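Structure file upload.csv; described as CSV, C-alpha atoms.
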```csv
chain,number,residue,atom,x,y,z
A,24,MET,CA,-32.9,110.2,139.3
A,25,VAL,CA,-35.2,112.9,138.0
A,26,THR,CA,-35.3,114.4,141.5
A,27,VAL,CA,-31.5,114.9,141.3
A,28,GLN,CA,-31.8,116.2,137.8
A,29,ARG,CA,-34.5,118.7,138.7
A,30,ALA,CA,-32.4,120.0,141.7
A,31,ILE,CA,-29.4,120.6,139.5
A,32,GLU,CA,-31.5,122.3,136.8
A,33,ALA,CA,-33.1,124.5,139.5
A,34,ALA,CA,-29.6,125.4,140.7
A,35,GLY,CA,-29.0,126.9,137.2
A,36,ILE,CA,-27.2,124.1,135.3
A,37,PRO,CA,-28.8,122.7,132.2
A,38,THR,CA,-29.3,118.9,132.4
A,39,VAL,CA,-30.3,116.0,130.2
A,40,LEU,CA,-31.3,112.5,131.3
A,41,VAL,CA,-30.8,109.2,129.4
A,42,THR,CA,-33.6,107.0,130.7
A,43,LEU,CA,-34.4,103.3,130.0
A,44,ASP,CA,-37.6,103.6,132.1
A,45,PRO,CA,-39.6,106.4,130.4
A,46,ASP,CA,-42.8,105.5,132.3
A,47,GLN,CA,-41.2,106.0,135.7
A,48,SER,CA,-39.1,109.0,134.6
A,49,GLY,CA,-42.0,110.6,132.8
A,50,VAL,CA,-44.1,110.8,136.0
A,51,MET,CA,-41.4,112.9,137.5
A,52,ARG,CA,-41.2,115.4,134.6
A,53,PRO,CA,-37.5,115.6,133.7
A,54,PRO,CA,-36.4,119.0,132.3
A,55,ARG,CA,-34.8,117.3,129.2
A,56,ALA,CA,-34.6,113.5,128.5
A,57,ILE,CA,-34.1,110.9,125.8
A,58,HIS,CA,-35.1,107.3,125.8
A,59,PRO,CA,-33.1,104.9,123.6
A,60,LYS,CA,-35.7,102.4,122.5
A,61,GLY,CA,-35.2,98.7,123.2
A,62,PHE,CA,-32.0,99.0,125.3
A,63,ALA,CA,-31.7,96.5,128.2
A,64,PHE,CA,-31.2,97.8,131.8
A,65,GLY,CA,-27.5,98.1,132.4
A,66,HIS,CA,-27.0,99.3,128.8
A,67,SER,CA,-27.9,103.0,129.4
A,68,LEU,CA,-25.7,104.2,126.6
A,69,GLY,CA,-25.2,100.9,124.7
A,70,LYS,CA,-23.5,97.6,125.1
A,71,PRO,CA,-20.0,97.2,126.7
A,72,PHE,CA,-17.2,98.3,124.2
A,73,ASP,CA,-19.8,99.4,121.6
A,74,THR,CA,-18.2,102.8,121.4
A,75,GLU,CA,-20.1,103.7,118.2
A,76,THR,CA,-23.6,103.3,119.9
A,77,GLN,CA,-22.4,104.8,123.2
A,78,LYS,CA,-21.2,107.9,121.4
A,79,ALA,CA,-24.3,108.2,119.3
A,80,VAL,CA,-26.5,108.1,122.4
A,81,ILE,CA,-24.4,110.6,124.3
A,82,LYS,CA,-24.3,113.0,121.3
A,83,ALA,CA,-28.1,112.7,120.9
A,84,ALA,CA,-28.6,113.4,124.6
A,85,LEU,CA,-26.2,116.4,124.7
A,86,GLU,CA,-27.8,117.9,121.7
A,87,GLN,CA,-30.9,118.4,123.7
A,88,LEU,CA,-29.0,120.9,125.8
A,89,VAL,CA,-28.8,123.3,122.8
A,90,ILE,CA,-32.3,122.6,121.4
A,91,LYS,CA,-34.9,125.0,122.8
A,92,GLN,CA,-37.8,122.9,124.0
A,93,GLU,CA,-40.7,122.7,126.4
A,94,PRO,CA,-39.4,120.9,129.5
A,95,GLY,CA,-40.9,117.7,130.7
A,96,GLN,CA,-40.6,115.7,127.4
A,97,ILE,CA,-38.9,112.4,126.9
A,98,HIS,CA,-37.7,112.0,123.3
A,99,PHE,CA,-37.9,108.4,122.2
A,100,MET,CA,-35.0,107.5,119.8
A,101,ASP,CA,-33.9,104.6,117.7
A,102,PHE,CA,-30.2,103.6,117.7
A,103,PRO,CA,-30.0,100.9,115.0
A,104,SER,CA,-26.3,100.1,115.8
A,105,TYR,CA,-27.3,98.8,119.3
B,29,MET,CA,-50.3,115.4,140.4
B,30,GLU,CA,-48.5,117.5,142.9
B,31,MET,CA,-48.0,121.2,142.2
B,32,SER,CA,-44.2,120.8,142.6
B,33,ARG,CA,-44.2,118.3,139.7
B,34,LYS,CA,-46.3,120.6,137.4
B,35,ALA,CA,-43.6,123.3,137.5
B,36,ILE,CA,-40.6,121.8,135.8
B,37,PRO,CA,-37.3,123.6,136.4
B,38,TYR,CA,-35.7,124.7,133.2
B,39,THR,CA,-32.5,126.6,132.8
B,40,PRO,CA,-32.2,128.1,129.3
B,41,ASN,CA,-28.8,127.5,127.7
B,42,ASP,CA,-27.2,129.9,125.2
B,43,LYS,CA,-23.8,128.2,125.0
B,44,PRO,CA,-22.9,126.0,122.1
B,45,LEU,CA,-21.9,122.4,123.0
B,46,ALA,CA,-18.4,123.1,121.8
B,47,GLU,CA,-18.0,125.6,124.7
B,48,MET,CA,-19.7,123.5,127.4
B,49,THR,CA,-18.0,121.5,130.2
B,50,ILE,CA,-20.0,118.4,130.8
B,51,ALA,CA,-20.2,116.5,134.1
B,52,ILE,CA,-21.7,113.0,134.7
B,53,VAL,CA,-24.3,112.3,137.4
B,54,SER,CA,-25.4,108.7,137.5
B,55,THR,CA,-27.7,106.7,139.8
B,56,ALA,CA,-26.6,103.3,138.3
B,57,GLY,CA,-24.4,102.3,141.2
B,58,ALA,CA,-20.9,103.0,139.7
B,59,HIS,CA,-18.1,103.9,142.2
B,60,LEU,CA,-14.4,103.6,142.5
B,61,LYS,CA,-13.0,100.2,143.7
B,62,ASP,CA,-11.3,101.9,146.6
B,63,GLN,CA,-14.5,103.8,147.7
B,64,GLU,CA,-17.1,102.3,150.1
B,65,PRO,CA,-19.5,100.2,148.1
B,66,PHE,CA,-23.2,101.2,148.1
B,67,ASN,CA,-25.4,99.4,150.6
B,68,THR,CA,-27.6,97.1,148.5
B,69,GLN,CA,-30.3,97.2,151.1
B,70,GLY,CA,-30.7,101.0,150.3
B,71,ASP,CA,-28.3,103.8,150.3
B,72,ASP,CA,-28.8,107.6,150.5
B,73,THR,CA,-25.2,108.6,150.1
B,74,TYR,CA,-23.3,109.7,147.0
B,75,ARG,CA,-19.7,109.2,145.7
B,76,LEU,CA,-17.6,112.1,144.4
B,77,ILE,CA,-15.6,111.0,141.3
B,78,PRO,CA,-12.6,113.1,140.5
B,79,GLY,CA,-12.2,114.4,137.0
B,80,ASP,CA,-8.9,112.7,136.4
B,81,VAL,CA,-10.2,109.2,137.1
B,82,SER,CA,-9.5,106.2,134.8
B,83,SER,CA,-12.3,104.0,133.6
B,84,ASP,CA,-10.6,100.9,134.9
B,85,GLN,CA,-10.8,102.1,138.5
B,86,PHE,CA,-14.6,101.5,138.6
B,87,THR,CA,-16.9,98.8,139.8
B,88,VAL,CA,-20.6,98.7,140.3
B,89,THR,CA,-22.8,97.9,143.4
B,90,HIS,CA,-26.5,98.0,143.0
B,91,GLY,CA,-29.4,96.5,145.0
B,92,ALA,CA,-31.8,95.9,142.1
B,93,PRO,CA,-32.6,92.2,141.2
B,94,LYS,CA,-30.2,90.9,138.5
B,95,GLU,CA,-33.1,90.3,136.1
B,96,HIS,CA,-33.9,94.0,136.2
B,97,TYR,CA,-30.4,95.3,136.1
B,98,ASN,CA,-27.4,93.1,135.3
B,99,THR,CA,-24.4,94.9,136.8
B,100,ASP,CA,-22.0,92.5,135.0
B,101,GLU,CA,-22.4,94.6,131.9
B,102,PRO,CA,-21.2,98.0,133.2
B,103,LYS,CA,-18.5,96.1,135.1
B,104,LYS,CA,-17.1,95.1,131.7
B,105,ASP,CA,-17.1,98.6,130.4
B,106,ILE,CA,-18.1,101.4,132.8
B,107,ASN,CA,-18.8,103.7,129.9
B,108,VAL,CA,-22.2,102.1,129.4
B,109,ILE,CA,-23.4,104.0,132.6
B,110,PHE,CA,-20.5,106.4,133.3
B,111,PRO,CA,-19.2,107.5,129.9
B,112,ILE,CA,-15.9,109.1,131.0
B,113,ASP,CA,-13.9,107.8,128.1
B,114,ARG,CA,-16.5,108.8,125.5
B,115,LEU,CA,-16.8,112.3,127.0
B,116,ARG,CA,-13.0,112.7,126.8
B,117,GLU,CA,-13.1,111.6,123.1
B,118,LEU,CA,-16.0,114.0,122.4
B,119,ALA,CA,-13.9,116.8,124.0
B,120,ALA,CA,-10.9,115.9,121.9
B,121,GLU,CA,-13.1,116.0,118.8
B,122,GLY,CA,-14.4,119.4,119.8
B,123,PHE,CA,-18.0,118.2,120.1
B,124,ILE,CA,-18.0,119.5,123.7
B,125,GLY,CA,-15.7,122.0,125.3
B,126,GLY,CA,-14.4,119.8,128.1
B,127,VAL,CA,-15.1,117.2,130.8
B,128,GLY,CA,-16.1,118.2,134.3
B,129,ASP,CA,-13.5,118.3,137.2
B,130,LYS,CA,-15.9,116.2,139.3
B,131,HIS,CA,-18.7,113.8,138.8
B,132,ILE,CA,-21.3,112.2,141.1
B,133,THR,CA,-22.6,108.7,141.4
B,134,MET,CA,-25.4,107.2,143.5
B,135,MET,CA,-27.3,104.0,143.7
B,136,GLY,CA,-30.8,104.5,142.4
B,137,TYR,CA,-32.4,102.1,144.8
B,138,ALA,CA,-32.9,103.7,148.2
B,139,MET,CA,-35.4,103.3,150.9
B,140,ARG,CA,-35.0,106.5,152.9
B,141,LEU,CA,-36.5,108.8,150.3
B,142,LYS,CA,-37.1,111.7,152.7
B,143,LYS,CA,-33.5,112.0,153.6
B,144,ILE,CA,-32.5,111.7,150.0
B,145,VAL,CA,-34.8,114.6,148.9
B,146,GLU,CA,-33.9,116.8,151.9
B,147,GLU,CA,-30.2,116.1,152.2
B,148,THR,CA,-28.6,114.1,149.5
B,149,VAL,CA,-30.1,115.8,146.5
B,150,PRO,CA,-29.3,119.4,147.6
B,151,ALA,CA,-25.8,118.3,148.4
B,152,VAL,CA,-25.3,116.8,145.0
B,153,ALA,CA,-26.7,120.0,143.3
B,154,LYS,CA,-24.2,122.0,145.4
B,155,GLU,CA,-21.3,119.8,144.3
B,156,ILE,CA,-22.2,120.4,140.7
B,157,THR,CA,-22.7,124.2,141.0
B,158,ARG,CA,-19.3,124.5,142.7
B,159,SER,CA,-17.6,122.5,139.9
B,160,LYS,CA,-16.5,123.6,136.5
B,161,ALA,CA,-19.5,122.0,134.8
B,162,ASP,CA,-22.0,124.0,132.8
B,163,GLY,CA,-24.0,121.1,131.6
B,164,VAL,CA,-24.8,117.7,133.1
B,165,LEU,CA,-25.5,114.3,131.5
B,166,LEU,CA,-27.5,111.9,133.7
B,167,THR,CA,-27.8,108.2,133.5
B,168,ALA,CA,-30.0,105.9,135.5
B,169,GLY,CA,-29.0,102.2,135.0
```
As structure tokens, what does this structure read like?
Amino acid sequence: MVTVQRAIEAAGIPTVLVTLDPDQSGVMRPPRAIHPKGFAFGHSLGKPFDTETQKAVIKAALEQLVIKQEPGQIHFMDFPSY
Amino acid sequence: MEMSRKAIPYTPNDKPLAEMTIAIVSTAGAHLKDQEPFNTQGDDTYRLIPGDVSSDQFTVTHGAPKEHYNTDEPKKDINVIFPIDRLRELAAEGFIGGVGDKHITMMGYAMRLKKIVEETVPAVAKEITRSKADGVLLTAG
């Protein structure tokens, strides 16, 4: 996944990854990433039909695109509504 | 650590989110029901998802063991891995400028890594740079 992200970023388009596996993603050094803590695989953005959590995760991820930062970090985040 | 991993690509972004068109790239195995399913033994291809797609046109095919990744969940609501409805809502609210005219899906479980790195990944990057997207949200199962 991060390989795809890095290629798009290198082509000049800013990217942000939502990862549930920060250990594996971290090795590959993503340009920008968040990790929603405690989410099950298959719930990348929240549970089915939980639009509130889904939207909160998407917003938190997209906000990384406008926050200047050192690339290669994965921001761990809590989403209590999950 | 390899040199190539030390240098992290980073494209500075000066646009506010409200002016950005966002595309989705997901390696969680989502695809349209009328597209060829991913090969669960390993698949180095990608699916092009048109911008006007409806969320009920999707299904999910992924080779990971069910205890690691239960695809029943995104089959109920594709937005958990491919948030097309949520992005449209965020565009309607003005949080983002718009939703991309094409999106990309893959299955993040593939054996032929060399072919993926040399052929699939550059092809995906080219699809995105030739689209209207000026930002990408990635999900990985």
**Message:** Distance limit 9 Å, atoms considered: all atoms listed in the file. Which chain B residues sit that close to chain A? Return them as a VMD selection string.
**Reply:** chain B and resid 29 33 to 45 50 53 to 56 95 to 111 114 to 115 118 123 to 124 136 145 148 to 150 152 to 154 156 to 157 161 to 169
**Message:** List as a list in words the protein and nucleic acid residues near His90 (chain B), meaning an atom at most 7 Å away when all atoms listed in the file are counted, but skip any in the same chain fewer than 2 places from it.
**Reply:**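 With the cut-off at 7 Å, the set is Gly57, Phe66, Thr68, Val88, Ala92 and Met135 of chain B.
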**Prompt:** What does the distance between CA of Lys160 (chain B) and CA of Asp129 (chain B) come to in Å, to one decimal place?
**Reply:**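 CA of Asp129 (chain B) lies 6.1 Å from CA of Lys160 (chain B).
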**Prompt:** Excluding same-chain residues fewer than 3 positions from region 79-85 of chain B, what lies within 6 Å of it counting all atoms listed in the file, as a list in words?
**Reply:** Leu60, Lys61, Asp129 and Lys130 of chain B
Go ahead and save the picked residues with C-alpha atoms, as an mmCIF file, keeping the file's coordinate frame.
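Listing of selection12.cif after writing:
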```cif
data_model
loop_
_atom_site.group_PDB
_atom_site.id
_atom_site.type_symbol
_atom_site.label_atom_id
_atom_site.label_comp_id
_atom_site.auth_asym_id
_atom_site.auth_seq_id
_atom_site.Cartn_x
_atom_site.Cartn_y
_atom_site.Cartn_z
ATOM 1 C CA LEU B 60 -14.400 103.600 142.500
ATOM 2 C CA LYS B 61 -13.000 100.200 143.700
ATOM 3 C CA ASP B 129 -13.500 118.300 137.200
ATOM 4 C CA LYS B 130 -15.900 116.200 139.300
#
```
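Using only C-alpha atoms, the nearest neighbour of Thr73 (chain B) within the list B:Ser159, B:His59, B:Met48, B:Ile112 is B:His59.
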**Prompt:** What separation in Å, quoted to one decimal, exists between CA of Leu76 (chain B) and CA of Ile52 (chain B)?
**Reply:**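 Going from CA of Leu76 (chain B) over to CA of Ile52 (chain B), I get 10.6 Å.
The two atoms in question, CA of Gly126 (chain B) and CA of Asp113 (chain B), are spaced 12.0 Å apart.
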**Message:** Need to verify the contact set: Asp101 (chain A), 9 Å, all atoms listed in the file, exclusion of same-chain residues closer than 6 positions in sequence. Can you return it as number ranges by chain?
**Reply:** A: 58-61
Rebuild region 31-48 of chain B to N, CA and C atoms - output it as a compact mmCIF listing (two decimals), in the frame of the given file, please.
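Here's the written file selection-v9.txt:
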```txt
# COMPACT_ATOMS: atom_id res chain seq x y z
N MET B 31 -48.35 119.92 142.82
CA MET B 31 -48.00 121.20 142.20
C MET B 31 -46.50 121.24 141.87
N SER B 32 -45.67 120.69 142.76
CA SER B 32 -44.20 120.80 142.60
C SER B 32 -43.81 120.05 141.29
N ARG B 33 -44.60 119.05 140.88
CA ARG B 33 -44.20 118.30 139.70
C ARG B 33 -44.72 119.06 138.41
N LYS B 34 -45.77 119.85 138.57
CA LYS B 34 -46.30 120.60 137.40
C LYS B 34 -45.27 121.62 136.94
N ALA B 35 -44.64 122.31 137.88
CA ALA B 35 -43.60 123.30 137.50
C ALA B 35 -42.31 122.60 137.30
N ILE B 36 -41.88 122.57 136.06
CA ILE B 36 -40.60 121.80 135.80
C ILE B 36 -39.49 122.85 135.69
N PRO B 37 -38.44 122.64 136.50
CA PRO B 37 -37.30 123.60 136.40
C PRO B 37 -36.66 123.50 135.04
N TYR B 38 -36.31 124.64 134.50
CA TYR B 38 -35.70 124.70 133.20
C TYR B 38 -34.74 125.84 133.10
N THR B 39 -33.48 125.55 132.91
CA THR B 39 -32.50 126.60 132.80
C THR B 39 -32.14 126.77 131.32
N PRO B 40 -32.51 127.90 130.72
CA PRO B 40 -32.20 128.10 129.30
C PRO B 40 -30.67 128.10 129.11
N ASN B 41 -30.25 127.59 127.97
CA ASN B 41 -28.80 127.50 127.70
C ASN B 41 -28.48 128.16 126.38
N ASP B 42 -27.60 129.14 126.43
CA ASP B 42 -27.20 129.90 125.20
C ASP B 42 -25.84 129.41 124.68
N LYS B 43 -25.16 128.56 125.46
CA LYS B 43 -23.80 128.20 125.00
C LYS B 43 -23.87 127.06 124.00
N PRO B 44 -23.02 127.13 122.97
CA PRO B 44 -22.90 126.00 122.10
C PRO B 44 -22.20 124.81 122.80
N LEU B 45 -22.49 123.59 122.37
CA LEU B 45 -21.90 122.40 123.00
C LEU B 45 -20.36 122.49 123.02
N ALA B 46 -19.82 123.04 121.96
CA ALA B 46 -18.40 123.10 121.80
C ALA B 46 -17.70 123.97 122.88
N GLU B 47 -18.53 124.73 123.61
CA GLU B 47 -18.00 125.60 124.70
C GLU B 47 -18.42 125.09 126.07
N MET B 48 -19.12 123.96 126.10
CA MET B 48 -19.70 123.50 127.40
C MET B 48 -18.78 122.43 128.04
```
